[in-house]
file upload.cif (mmCIF, C-alpha atoms)
data_start
#
loop_
_atom_site.label_atom_id
_atom_site.label_comp_id
_atom_site.auth_asym_id
_atom_site.auth_seq_id
_atom_site.Cartn_x
_atom_site.Cartn_y
_atom_site.Cartn_z
CA MET A 1332 111.78 100.30 162.97
CA ASP A 1333 114.78 102.56 162.40
CA ASN A 1334 117.79 100.95 164.06
CA LEU A 1335 119.82 97.76 163.93
CA PHE A 1336 118.56 96.36 167.24
CA GLU A 1337 114.92 96.72 166.20
CA TRP A 1338 115.59 95.14 162.80
CA ILE A 1339 117.20 92.10 164.41
CA MET A 1340 114.31 91.70 166.84
CA SER A 1341 111.60 92.11 164.20
CA ASN A 1342 113.02 90.65 161.01
CA ALA A 1343 116.18 88.60 161.44
CA GLY A 1344 114.13 85.59 162.56
CA ARG A 1345 112.86 85.20 159.01
CA ARG A 1346 116.37 84.06 158.10
CA LYS A 1347 117.03 81.56 160.86
CA THR A 1348 119.75 79.86 158.83
CA ASP A 1349 121.85 83.04 159.22
CA PHE A 1350 122.51 82.05 162.83
CA PRO A 1351 124.63 79.25 164.32
CA GLU A 1352 122.57 76.07 164.48
CA GLY A 1353 119.66 78.05 163.01
CA ASP A 1354 118.74 79.17 166.52
CA PHE A 1355 117.51 82.74 166.05
CA GLU A 1356 115.44 82.69 169.25
CA ALA A 1357 118.55 82.01 171.34
CA TYR A 1358 120.36 84.99 169.77
CA ARG A 1359 117.35 87.26 170.18
CA SER A 1360 117.28 86.32 173.88
CA LYS A 1361 121.02 86.93 174.16
CA LEU A 1362 120.74 90.36 172.54
CA THR A 1363 117.86 91.35 174.82
CA SER A 1364 119.96 90.47 177.85
CA ILE A 1365 123.10 92.21 176.52
CA ASP A 1366 121.09 95.34 175.73
CA ALA A 1367 119.65 95.49 179.25
CA LYS A 1368 122.99 94.88 180.96
CA PHE A 1369 124.86 97.53 178.93
CA ARG A 1370 122.12 100.11 179.57
CA ALA A 1371 121.97 99.39 183.31
CA GLY A 1372 125.76 99.32 183.68
CA PRO A 1373 128.46 100.70 181.36
CA LEU A 1374 126.22 102.96 179.26
CA LYS A 1375 124.55 104.42 182.34
CA PHE A 1376 127.81 105.48 183.96
CA VAL A 1377 130.34 105.83 181.11
CA ASP A 1378 130.05 109.61 180.80
CA GLN A 1379 130.39 110.27 184.53
CA LEU A 1380 133.31 107.90 185.04
CA ALA A 1381 135.18 108.92 181.89
CA CYS A 1382 135.01 112.59 182.83
CA SER A 1383 135.88 111.86 186.46
CA ASN A 1384 138.83 109.59 185.68
CA ASP A 1385 140.33 111.91 183.06
CA GLY A 1386 139.41 115.28 184.57
CA GLU A 1387 137.72 116.22 181.28
CA PHE A 1388 134.22 117.11 180.08
CA TYR A 1389 133.55 114.88 177.11
CA THR A 1390 130.71 114.89 174.61
CA VAL A 1391 128.00 112.26 175.18
CA HIS A 1392 129.01 108.58 174.91
CA GLY A 1393 126.14 106.85 176.73
CA SER A 1394 122.82 105.33 175.68
CA SER A 1395 121.69 108.18 173.40
CA HIS A 1396 124.97 107.98 171.46
CA VAL A 1397 124.65 104.20 171.10
CA GLU A 1398 121.07 104.55 169.86
CA MET A 1399 122.22 106.98 167.18
CA VAL A 1400 125.07 104.67 166.10
CA LEU A 1401 122.61 101.76 165.89
CA ARG A 1402 120.37 103.90 163.72
CA ARG A 1403 123.23 104.87 161.43
CA CYS A 1404 124.38 101.24 161.16
CA TYR A 1405 120.91 100.25 160.03
CA GLU A 1406 120.86 103.05 157.45
CA LEU A 1407 124.32 102.11 156.19
CA SER A 1408 123.31 98.47 155.88
CA LYS A 1409 120.70 99.55 153.30
CA CYS A 1410 123.11 101.78 151.36
CA GLY A 1411 122.33 101.65 147.65
CA GLY A 1412 119.03 99.81 148.22
CA THR A 1413 116.07 99.34 150.52
CA LYS A 1414 116.98 96.19 152.47
CA PRO A 1415 119.89 95.50 154.86
CA LYS A 1416 122.87 93.84 153.21
CA LEU A 1417 123.90 92.03 156.39
CA THR A 1418 123.13 88.53 157.54
CA GLY A 1419 121.20 88.32 160.79
CA TYR A 1420 124.28 86.95 162.58
CA GLU A 1421 126.52 89.75 161.25
CA ALA A 1422 123.92 92.26 162.46
CA PHE A 1423 123.97 90.62 165.91
CA LEU A 1424 127.76 90.86 166.21
CA LEU A 1425 127.77 94.44 164.93
CA CYS A 1426 125.01 95.44 167.34
CA VAL A 1427 126.95 94.14 170.37
CA ALA A 1428 130.09 95.87 169.08
CA VAL A 1429 128.15 99.16 168.96
CA TYR A 1430 127.16 98.74 172.62
CA ALA A 1431 130.77 97.99 173.53
CA HIS A 1432 132.74 100.44 171.35
CA ASP A 1433 132.98 103.37 173.82
CA SER A 1434 132.11 101.51 177.01
CA ALA A 1435 135.75 101.06 178.08
CA MET A 1436 135.96 104.83 178.55
CA LEU A 1437 134.76 103.87 182.04
CA TYR A 1438 138.45 103.47 182.83
CA SER A 1439 139.85 106.30 180.69
CA ARG A 1440 139.54 107.64 177.16
CA LYS A 1441 143.22 107.02 176.51
CA ASN A 1442 143.56 103.69 174.75
CA HIS A 1443 139.99 102.90 175.74
CA ALA A 1444 139.67 100.32 172.97
CA ASN A 1445 142.19 98.13 174.77
CA ASN A 1446 139.91 97.73 177.81
CA LEU A 1447 137.02 96.42 175.74
CA GLN A 1448 137.70 92.82 176.70
CA GLN A 1449 137.19 93.56 180.39
CA VAL A 1450 133.90 95.37 179.79
CA LEU A 1451 132.63 92.58 177.55
CA LEU A 1452 133.54 90.01 180.20
CA ASP A 1453 131.76 92.07 182.86
CA VAL A 1454 128.57 92.16 180.77
CA CYS A 1455 128.61 88.75 179.11
CA GLY A 1456 130.63 86.64 181.55
CA SER A 1457 133.72 84.55 180.98
CA ASP A 1458 131.80 81.41 180.02
CA ASN A 1459 130.24 80.59 176.64
CA LEU A 1460 126.58 80.85 177.68
CA THR A 1461 125.98 84.38 176.37
CA LEU A 1462 128.80 84.70 173.84
CA SER A 1463 131.32 82.14 172.67
CA MET A 1464 135.02 82.91 172.92
CA GLU A 1465 135.18 83.48 169.15
CA GLU A 1466 132.14 85.80 169.21
CA LYS A 1467 133.79 87.90 171.92
CA ARG A 1468 136.98 88.10 169.87
CA LYS A 1469 135.07 89.19 166.74
CA ILE A 1470 133.14 91.83 168.66
CA ILE A 1471 136.31 93.24 170.23
CA VAL A 1472 138.07 93.37 166.84
CA ILE A 1473 135.10 95.18 165.25
CA ALA A 1474 134.71 97.63 168.13
CA ARG A 1475 138.41 98.43 168.58
CA ALA A 1476 138.81 99.56 164.98
CA HIS A 1477 136.68 102.70 165.50
CA THR A 1478 139.60 104.64 167.00
CA SER A 1479 143.40 104.86 166.88
CA ASP A 1480 145.54 101.96 168.01
CA MET A 1481 148.16 102.20 170.77
CA SER A 1482 150.75 103.56 168.31
CA GLY A 1483 148.39 106.38 167.32
CA SER A 1484 147.70 104.97 163.86
CA ARG A 1485 144.16 105.34 162.52
CA ASP A 1486 144.76 102.60 159.96
CA THR A 1487 143.10 99.99 162.17
CA ILE A 1488 141.06 98.05 159.61
CA SER A 1489 143.71 97.07 157.04
CA SER A 1490 144.94 94.24 159.26
CA ILE A 1491 141.45 92.80 159.86
CA PRO A 1492 140.59 89.77 157.69
CA LYS A 1493 138.01 90.40 155.01
CA THR A 1494 136.08 87.29 156.02
CA GLU A 1495 136.42 84.93 158.97
CA PRO A 1496 134.51 81.90 160.26
CA CYS A 1497 132.49 82.20 163.43
CA GLY A 1498 129.86 79.80 164.72
CA GLY A 1499 129.96 77.89 161.46
CA LYS A 1500 129.22 81.06 159.44
CA GLN A 1501 131.41 83.34 157.34
CA ILE A 1502 131.56 86.85 158.83
CA ARG A 1503 132.71 89.94 156.89
CA THR A 1504 134.72 91.28 159.82
CA ALA A 1505 136.50 94.18 158.10
CA MET A 1506 133.26 95.44 156.57
CA LEU A 1507 131.50 95.36 159.95
CA ALA A 1508 134.37 97.31 161.54
CA ALA A 1509 134.17 99.90 158.76
CA MET A 1510 130.40 100.19 159.18
CA LEU A 1511 130.68 100.85 162.91
CA ARG A 1512 133.38 103.46 162.29
CA MET A 1513 131.28 105.22 159.64
CA ALA A 1514 128.19 105.10 161.86
CA ASP A 1515 130.17 106.49 164.80
CA GLN A 1516 131.27 109.47 162.68
CA LEU A 1517 127.70 109.98 161.48
CA SER A 1518 126.58 110.31 165.09
CA ASP A 1519 128.64 113.45 165.68
CA ASP A 1520 125.87 116.03 165.75
CA ARG A 1521 124.49 118.58 168.22
CA SER A 1522 122.73 115.88 170.26
CA ARG A 1523 126.15 115.04 171.78
CA SER A 1524 126.94 118.62 172.78
CA ALA A 1525 126.14 120.51 175.99
CA ILE A 1526 125.84 123.79 174.06
CA GLY A 1527 122.29 125.12 174.22
CA LYS A 1528 121.41 122.72 177.03
CA VAL A 1529 123.38 124.28 179.89
CA ASP A 1530 124.90 127.69 180.55
CA GLU A 1531 128.19 127.83 178.64
CA ARG A 1532 129.90 129.24 181.73
CA ALA A 1533 129.46 125.82 183.35
CA ILE A 1534 131.44 124.06 180.60
CA PRO A 1535 135.21 123.82 181.30
CA GLN A 1536 137.17 126.14 179.02
CA LYS A 1537 139.40 123.39 177.65
CA ALA A 1538 136.30 121.47 176.49
CA ILE A 1539 134.28 124.35 175.07
CA VAL A 1540 135.66 124.17 171.52
CA PHE A 1541 134.65 120.51 171.09
CA HIS A 1542 131.15 121.17 172.36
CA LYS A 1543 130.84 124.33 170.25
CA PHE A 1544 131.85 122.55 167.06
CA ILE A 1545 129.59 119.52 167.51
CA GLY A 1546 126.84 121.88 168.61
CA CYS A 1547 127.11 123.49 165.16
CA VAL A 1548 126.42 120.18 163.36
CA ASP A 1549 122.70 120.83 163.04
CA SER A 1550 121.68 118.07 160.63
CA ILE A 1551 123.18 114.99 159.04
CA ILE A 1552 121.03 113.92 156.12
CA CYS A 1553 121.71 110.44 154.80
CA ASP A 1554 120.31 109.34 151.46
CA PHE A 1555 121.69 105.86 151.32
CA GLU A 1556 119.65 104.83 148.29
CA CYS A 1557 121.76 107.40 146.43
CA SER A 1558 124.85 106.75 148.60
CA THR A 1559 125.11 110.39 149.69
CA VAL A 1560 125.54 112.22 153.00
CA GLU A 1561 124.97 115.93 153.65
CA VAL A 1562 126.33 117.59 156.81
CA HIS A 1563 124.69 120.92 157.59
CA LEU A 1564 126.68 123.26 159.85
CA ARG A 1565 124.97 126.22 161.51
CA PHE A 1566 127.14 128.86 163.20
CA ASN A 1567 126.36 131.89 165.34
CA ALA A 1568 128.23 134.88 163.95
CA SER A 1569 129.50 135.89 167.38
CA ASP A 1570 131.26 132.52 167.75
CA LEU A 1571 133.23 133.13 164.55
CA GLN A 1572 134.37 136.70 165.12
CA GLY A 1573 136.91 136.14 167.87
CA LYS A 1574 139.36 133.49 168.99
CA ILE A 1575 138.48 130.93 171.64
CA ASP A 1576 140.57 131.96 174.63
CA HIS A 1577 141.81 128.61 175.87
CA ILE A 1578 143.27 127.50 172.55
CA ASP A 1579 143.89 130.92 170.95
CA CYS A 1580 142.12 129.70 167.81
CA TYR A 1581 139.10 130.68 165.77
CA LEU A 1582 136.23 128.20 165.88
CA TRP A 1583 136.31 128.03 162.08
CA ASP A 1584 140.00 127.02 162.13
CA PHE A 1585 139.10 124.21 164.53
CA ALA A 1586 136.08 123.20 162.43
CA VAL A 1587 137.83 122.88 159.07
CA PRO A 1588 140.22 120.06 160.11
CA GLU A 1589 137.28 118.32 161.79
CA ILE A 1590 135.40 118.54 158.49
CA MET A 1591 138.42 117.03 156.73
CA LYS A 1592 138.37 114.18 159.25
CA TRP A 1593 134.88 113.25 158.02
CA PHE A 1594 136.15 113.00 154.47
CA ARG A 1595 139.17 110.92 155.40
CA GLU A 1596 137.10 108.58 157.58
CA PHE A 1597 134.50 107.97 154.87
CA PHE A 1598 137.06 107.51 152.12
CA TYR A 1599 139.08 105.11 154.29
CA CYS A 1600 136.10 103.05 155.45
CA SER A 1601 134.64 102.81 151.95
CA ARG A 1602 137.68 100.80 150.93
CA PHE A 1603 136.47 98.00 153.21
CA THR A 1604 132.73 98.17 152.50
CA LYS A 1605 133.04 97.75 148.73
CA PRO A 1606 131.51 96.07 146.80
CA THR A 1607 128.66 95.57 149.30
CA PHE A 1608 128.12 99.32 149.52
CA GLU A 1609 129.98 102.62 149.32
CA LEU A 1610 129.31 106.27 150.02
CA ARG A 1611 130.00 108.28 146.88
CA SER A 1612 129.23 111.84 147.94
CA LEU A 1613 129.89 113.81 151.12
CA MET A 1614 128.79 117.44 151.13
CA PHE A 1615 129.11 120.12 153.79
CA SER A 1616 126.91 123.20 153.90
CA ALA A 1617 127.86 126.02 156.27
CA VAL A 1618 125.47 128.82 157.25
CA VAL A 1619 126.06 131.76 159.60
CA TYR A 1620 123.27 133.26 161.66
CA ASN A 1621 123.08 136.73 163.13
CA ASP A 1622 122.45 135.59 166.69
CA GLY A 1623 121.65 139.00 168.08
CA LYS A 1624 125.01 139.26 169.84
CA SER A 1625 127.02 140.75 166.99
CA ASP A 1626 126.65 144.51 166.57
CA ASP A 1627 129.42 144.78 164.00
CA LEU A 1628 128.06 142.45 161.31
CA SER A 1629 128.64 143.36 157.70
CA PRO A 1630 125.58 144.93 156.04
CA SER A 1631 125.24 141.82 153.87
CA PHE A 1632 124.31 139.84 156.99
CA VAL A 1633 121.73 142.31 158.34
CA ASP A 1634 118.37 143.17 156.83
CA GLU A 1635 117.21 146.70 156.11
CA GLU A 1636 115.73 147.09 159.59
CA GLY A 1637 118.77 145.66 161.34
CA GLY A 1638 116.98 142.41 162.17
CA LEU A 1639 117.85 138.74 161.95
CA GLU A 1640 119.39 137.65 158.67
CA VAL A 1641 120.79 134.32 157.53
CA GLY A 1642 123.98 134.47 155.52
CA GLU A 1643 125.28 131.38 153.75
CA ILE A 1644 129.05 131.14 153.77
CA THR A 1645 129.50 128.39 151.25
CA SER A 1646 128.53 124.90 150.16
CA PHE A 1647 131.18 122.49 149.03
CA ASP A 1648 131.56 118.86 148.10
CA PHE A 1649 134.79 117.07 148.99
CA THR A 1650 134.17 114.45 146.32
CA GLU A 1651 135.06 116.78 143.48
CA LYS A 1652 138.71 115.61 143.61
CA LEU A 1653 138.12 112.19 145.07
CA PHE A 1654 139.29 110.16 142.11
CA GLU A 1655 142.15 112.31 140.85
CA HIS A 1656 145.20 110.15 140.29
CA GLU A 1657 147.62 112.20 142.41
CA PHE A 1658 145.32 111.88 145.42
CA LEU A 1659 144.72 108.16 145.01
CA LEU A 1660 148.48 107.61 145.05
CA THR A 1661 148.53 108.86 148.65
CA VAL A 1662 145.87 106.47 149.94
CA ASP A 1663 146.84 103.10 148.47
CA ALA A 1664 148.34 102.13 151.83
CA GLY A 1665 147.36 103.24 155.29
CA TYR A 1666 145.15 106.12 156.28
CA PRO A 1667 144.25 108.67 153.57
CA PHE A 1668 146.09 111.94 153.12
CA PRO A 1669 146.56 114.84 152.37
CA ASN A 1670 145.41 116.44 155.59
CA ASP A 1671 144.91 119.98 154.30
CA PRO A 1672 141.27 120.56 153.30
CA TYR A 1673 142.28 123.70 151.43
CA ASP A 1674 144.07 121.43 148.95
CA MET A 1675 140.86 119.49 148.43
CA CYS A 1676 138.22 122.19 148.23
CA ASP A 1677 138.12 125.12 145.81
CA ALA A 1678 135.39 126.84 147.85
CA LEU A 1679 137.72 127.05 150.86
CA ARG A 1680 140.90 127.83 148.95
CA ASP A 1681 139.46 130.78 147.03
CA PHE A 1682 136.25 131.87 148.73
CA ASN A 1683 134.31 134.36 146.57
CA SER A 1684 137.56 135.02 144.65
CA LYS A 1685 139.02 136.62 147.81
CA GLY A 1686 141.52 133.93 148.74
CA ARG A 1687 141.79 131.35 151.52
CA LEU A 1688 138.81 131.21 153.90
CA ASP A 1689 140.49 130.70 157.27
CA GLY A 1690 139.25 131.89 160.64
CA GLU A 1691 140.75 135.35 160.40
CA ALA A 1692 139.43 135.91 156.88
CA LEU A 1693 135.97 134.75 157.90
CA ALA A 1694 135.93 137.07 160.92
CA LYS A 1695 136.80 139.98 158.63
CA GLU A 1696 134.16 138.91 156.14
CA LEU A 1697 131.55 139.03 158.88
CA SER A 1698 132.65 142.34 160.34
CA SER A 1699 131.56 145.74 159.15
CA GLY A 1700 133.67 147.82 156.83
CA THR A 1701 135.14 144.85 154.97
#

call {"tool": "encode", "arguments": {"input": "upload.cif", "output": "structure tokens"}}
result
Amino acid sequence: MDNLFEWIMSNAGRRKTDFPEGDFEAYRSKLTSIDAKFRAGPLKFVDQLACSNDGEFYTVHGSSHVEMVLRRCYELSKCGGTKPKLTGYEAFLLCVAVYAHDSAMLYSRKNHANNLQQVLLDVCGSDNLTLSMEEKRKIIVIARAHTSDMSGSRDTISSIPKTEPCGGKQIRTAMLAAMLRMADQLSDDRSRSAIGKVDERAIPQKAIVFHKFIGCVDSIICDFECSTVEVHLRFNASDLQGKIDHIDCYLWDFAVPEIMKWFREFFYCSRFTKPTFELRSLMFSAVVYNDGKSDDLSPSFVDEEGGLEVGEITSFDFTEKLFEHEFLLTVDAGYPFPNDPYDMCDALRDFNSKGRLDGEALAKELSSGT
């Protein structure tokens, strides 16, 4: 048992009073049906239709992505302990929201959260037999909050009530929305990328940078008993030594703002999961490999016989300035700022006492004669 769906099926029945009318068996049957319908319908075709409708080549959003988000939700629910801190009914609503959260990309990625109602109606029907009207509303609210709203704001949880009634139970709606959003971010690893699975020449140029970056997220290690997350990035040296043609940008310069997004997302979501749980440490470790394609690597990255050598760029922890007063002043309302990771991280701002580690500086660091 390692994901939210399995926990509900195996253990939630021990707390029947968590569910409306104490009817756990009815909700287990409903979840089994919802799972099957999403997998046979929206989750089976979401990647094909999203790419076709938008003319893009997106990272994976289908069943494998949902399974990872369900796994991360289960891990988050145990943060700071060994047992889930959700009621069985909250876990049910969150689980359905996970199935639904990206499913409206069937129509288009743009404002996909606003088409969630239609997808949920397609799967669960317009009557109250599978889900009540209030359950559908809760699920849509929880699922929509994982992305920007129609105005482009990422502050989508502040307006969600902390607790709300549903089916005669009190539901911590804002916390569930924050959990899904955290879990969605924690699913962004190489399993969602086409890099290493198909010839890169087959990937559209305008999509290559997204697939390259996620393909570099080798491991996400979650120690939720200690409330910590480690993100391990693994780069090929050849990918860092030149700009990506389509966007005229170094991969490292694309990666650093993406890394900062992780920090902002976790800091933002933690505001809504306290005091039930919080993540206190988020660390990124970046390592460069000599991939055999780079003839001009610095001697420090090549062994004495010119063979494969691993060179660690840096390890850094964004939490080192997390509670400084001047930063907290910027996040009391809305989505957290500042945006510049170089303001937050000494290891990036003054790498090896040589100054700012941007894409150009890193390329020079890797090249010979520097």

call {"tool": "closest_residue", "arguments": {"input": "upload.cif", "among": "A:Leu1511, A:Ala1505, A:Cys1455, A:Leu1460", "to": "His1432 in chain A", "atoms": "all atoms listed in the file"}}
result
A:Leu1511

call {"tool": "closest_residue", "arguments": {"input": "upload.cif", "among": "A:Val1397, A:Cys1382, A:Ala1694, A:Leu1462", "to": "Leu1362 in chain A", "atoms": "all atoms listed in the file"}}
result
A:Leu1462

call {"tool": "resolve_selection", "arguments": {"input": "upload.cif", "expression": "the PyMOL selection byres ((chain A and resi 1470-1475) around 8)", "output": "list in words"}}
result
Leu1424, Leu1425, Val1427, Ala1428, Val1429, Ala1431, His1432, Ala1444, Asn1445, Leu1447, Gln1448, Glu1466, Lys1467, Arg1468, Lys1469, Ala1476, His1477, Thr1478, Asp1480, Ile1491, Thr1504, Ala1505, Leu1507, Ala1508 and Leu1511 of chain A

call {"tool": "residues_near_point", "arguments": {"input": "upload.cif", "point": "(146.2, 105.4, 162.9)", "cutoff": "12 Å", "atoms": "only C-alpha atoms", "output": "ChimeraX atom specification"}}
result
/A:1475-1490,1595-1596,1599,1664-1668

call {"tool": "atom_distance", "arguments": {"input": "upload.cif", "atom1": "CA of Leu1407 in chain A", "atom2": "CA of Met1510 in chain A"}}
result
7.0 Å

call {"tool": "residues_around", "arguments": {"input": "upload.cif", "residues": "Cys1580 in chain A", "least_positions_apart": "5", "cutoff": "10 Å", "atoms": "all atoms listed in the file", "output": "VMD selection string"}}
result
chain A and resid 1540 1573 to 1575 1585 1690 to 1691

call {"tool": "resolve_selection", "arguments": {"input": "upload.cif", "expression": "the PyMOL selection byres ((chain A and resi 1502) around 10)", "output": "list in words"}}
result
Leu1417, Thr1418, Tyr1420, Glu1421, Leu1424, Lys1469, Pro1492, Lys1493, Thr1494, Glu1495, Pro1496, Cys1497, Gly1498, Gly1499, Lys1500, Gln1501, Arg1503, Thr1504, Ala1505, Met1506 and Leu1507 of chain A

call {"tool": "closest_residue", "arguments": {"input": "upload.cif", "among": "A:Phe1555, A:Tyr1620, A:Tyr1581, A:Phe1615", "to": "Gly1412 in chain A", "atoms": "all atoms listed in the file"}}
result
A:Phe1555

call {"tool": "resolve_selection", "arguments": {"input": "upload.cif", "expression": "the PyMOL selection byres ((chain A and resi 1539) around 10)", "output": "PDB file with C-alpha atoms, in the frame of the given file"}}
result
ATOM      1  CA  PHE A1388     134.220 117.110 180.080  1.00  0.00           C
ATOM      2  CA  TYR A1389     133.550 114.880 177.110  1.00  0.00           C
ATOM      3  CA  SER A1524     126.940 118.620 172.780  1.00  0.00           C
ATOM      4  CA  ALA A1525     126.140 120.510 175.990  1.00  0.00           C
ATOM      5  CA  ILE A1526     125.840 123.790 174.060  1.00  0.00           C
ATOM      6  CA  GLU A1531     128.190 127.830 178.640  1.00  0.00           C
ATOM      7  CA  ARG A1532     129.900 129.240 181.730  1.00  0.00           C
ATOM      8  CA  ALA A1533     129.460 125.820 183.350  1.00  0.00           C
ATOM      9  CA  ILE A1534     131.440 124.060 180.600  1.00  0.00           C
ATOM     10  CA  PRO A1535     135.210 123.820 181.300  1.00  0.00           C
ATOM     11  CA  GLN A1536     137.170 126.140 179.020  1.00  0.00           C
ATOM     12  CA  LYS A1537     139.400 123.390 177.650  1.00  0.00           C
ATOM     13  CA  ALA A1538     136.300 121.470 176.490  1.00  0.00           C
ATOM     14  CA  VAL A1540     135.660 124.170 171.520  1.00  0.00           C
ATOM     15  CA  PHE A1541     134.650 120.510 171.090  1.00  0.00           C
ATOM     16  CA  HIS A1542     131.150 121.170 172.360  1.00  0.00           C
ATOM     17  CA  LYS A1543     130.840 124.330 170.250  1.00  0.00           C
ATOM     18  CA  PHE A1544     131.850 122.550 167.060  1.00  0.00           C
ATOM     19  CA  ILE A1575     138.480 130.930 171.640  1.00  0.00           C
ATOM     20  CA  ASP A1576     140.570 131.960 174.630  1.00  0.00           C
ATOM     21  CA  HIS A1577     141.810 128.610 175.870  1.00  0.00           C
ATOM     22  CA  ILE A1578     143.270 127.500 172.550  1.00  0.00           C
TER      23      ILE A1578
END

call {"tool": "residues_near_point", "arguments": {"input": "upload.cif", "point": "(139.2, 119.5, 161.6)", "cutoff": "12 Å", "atoms": "only C-alpha atoms", "output": "list in words"}}
result
Val1540, Phe1541, Phe1544, Ile1545, Tyr1581, Leu1582, Trp1583, Asp1584, Phe1585, Ala1586, Val1587, Pro1588, Glu1589, Ile1590, Met1591, Lys1592, Trp1593, Phe1594, Arg1595, Glu1596, Asn1670, Asp1671, Pro1672 and Tyr1673 of chain A

call {"tool": "write_last_selection", "arguments": {"input": "upload.cif", "atoms": "C-alpha atoms", "output": "PDB file, in the coordinates of the input"}}
result
ATOM      1  CA  VAL A1540     135.660 124.170 171.520  1.00  0.00           C
ATOM      2  CA  PHE A1541     134.650 120.510 171.090  1.00  0.00           C
ATOM      3  CA  PHE A1544     131.850 122.550 167.060  1.00  0.00           C
ATOM      4  CA  ILE A1545     129.590 119.520 167.510  1.00  0.00           C
ATOM      5  CA  TYR A1581     139.100 130.680 165.770  1.00  0.00           C
ATOM      6  CA  LEU A1582     136.230 128.200 165.880  1.00  0.00           C
ATOM      7  CA  TRP A1583     136.310 128.030 162.080  1.00  0.00           C
ATOM      8  CA  ASP A1584     140.000 127.020 162.130  1.00  0.00           C
ATOM      9  CA  PHE A1585     139.100 124.210 164.530  1.00  0.00           C
ATOM     10  CA  ALA A1586     136.080 123.200 162.430  1.00  0.00           C
ATOM     11  CA  VAL A1587     137.830 122.880 159.070  1.00  0.00           C
ATOM     12  CA  PRO A1588     140.220 120.060 160.110  1.00  0.00           C
ATOM     13  CA  GLU A1589     137.280 118.320 161.790  1.00  0.00           C
ATOM     14  CA  ILE A1590     135.400 118.540 158.490  1.00  0.00           C
ATOM     15  CA  MET A1591     138.420 117.030 156.730  1.00  0.00           C
ATOM     16  CA  LYS A1592     138.370 114.180 159.250  1.00  0.00           C
ATOM     17  CA  TRP A1593     134.880 113.250 158.020  1.00  0.00           C
ATOM     18  CA  PHE A1594     136.150 113.000 154.470  1.00  0.00           C
ATOM     19  CA  ARG A1595     139.170 110.920 155.400  1.00  0.00           C
ATOM     20  CA  GLU A1596     137.100 108.580 157.580  1.00  0.00           C
ATOM     21  CA  ASN A1670     145.410 116.440 155.590  1.00  0.00           C
ATOM     22  CA  ASP A1671     144.910 119.980 154.300  1.00  0.00           C
ATOM     23  CA  PRO A1672     141.270 120.560 153.300  1.00  0.00           C
ATOM     24  CA  TYR A1673     142.280 123.700 151.430  1.00  0.00           C
TER      25      TYR A1673
END

call {"tool": "atom_distance", "arguments": {"input": "upload.cif", "atom1": "CA of Leu1517 in chain A", "atom2": "CA of Asp1530 in chain A"}}
result
26.2 Å

call {"tool": "atom_distance", "arguments": {"input": "upload.cif", "atom1": "CA of Asp1453 in chain A", "atom2": "CA of Ala1381 in chain A"}}
result
17.2 Å
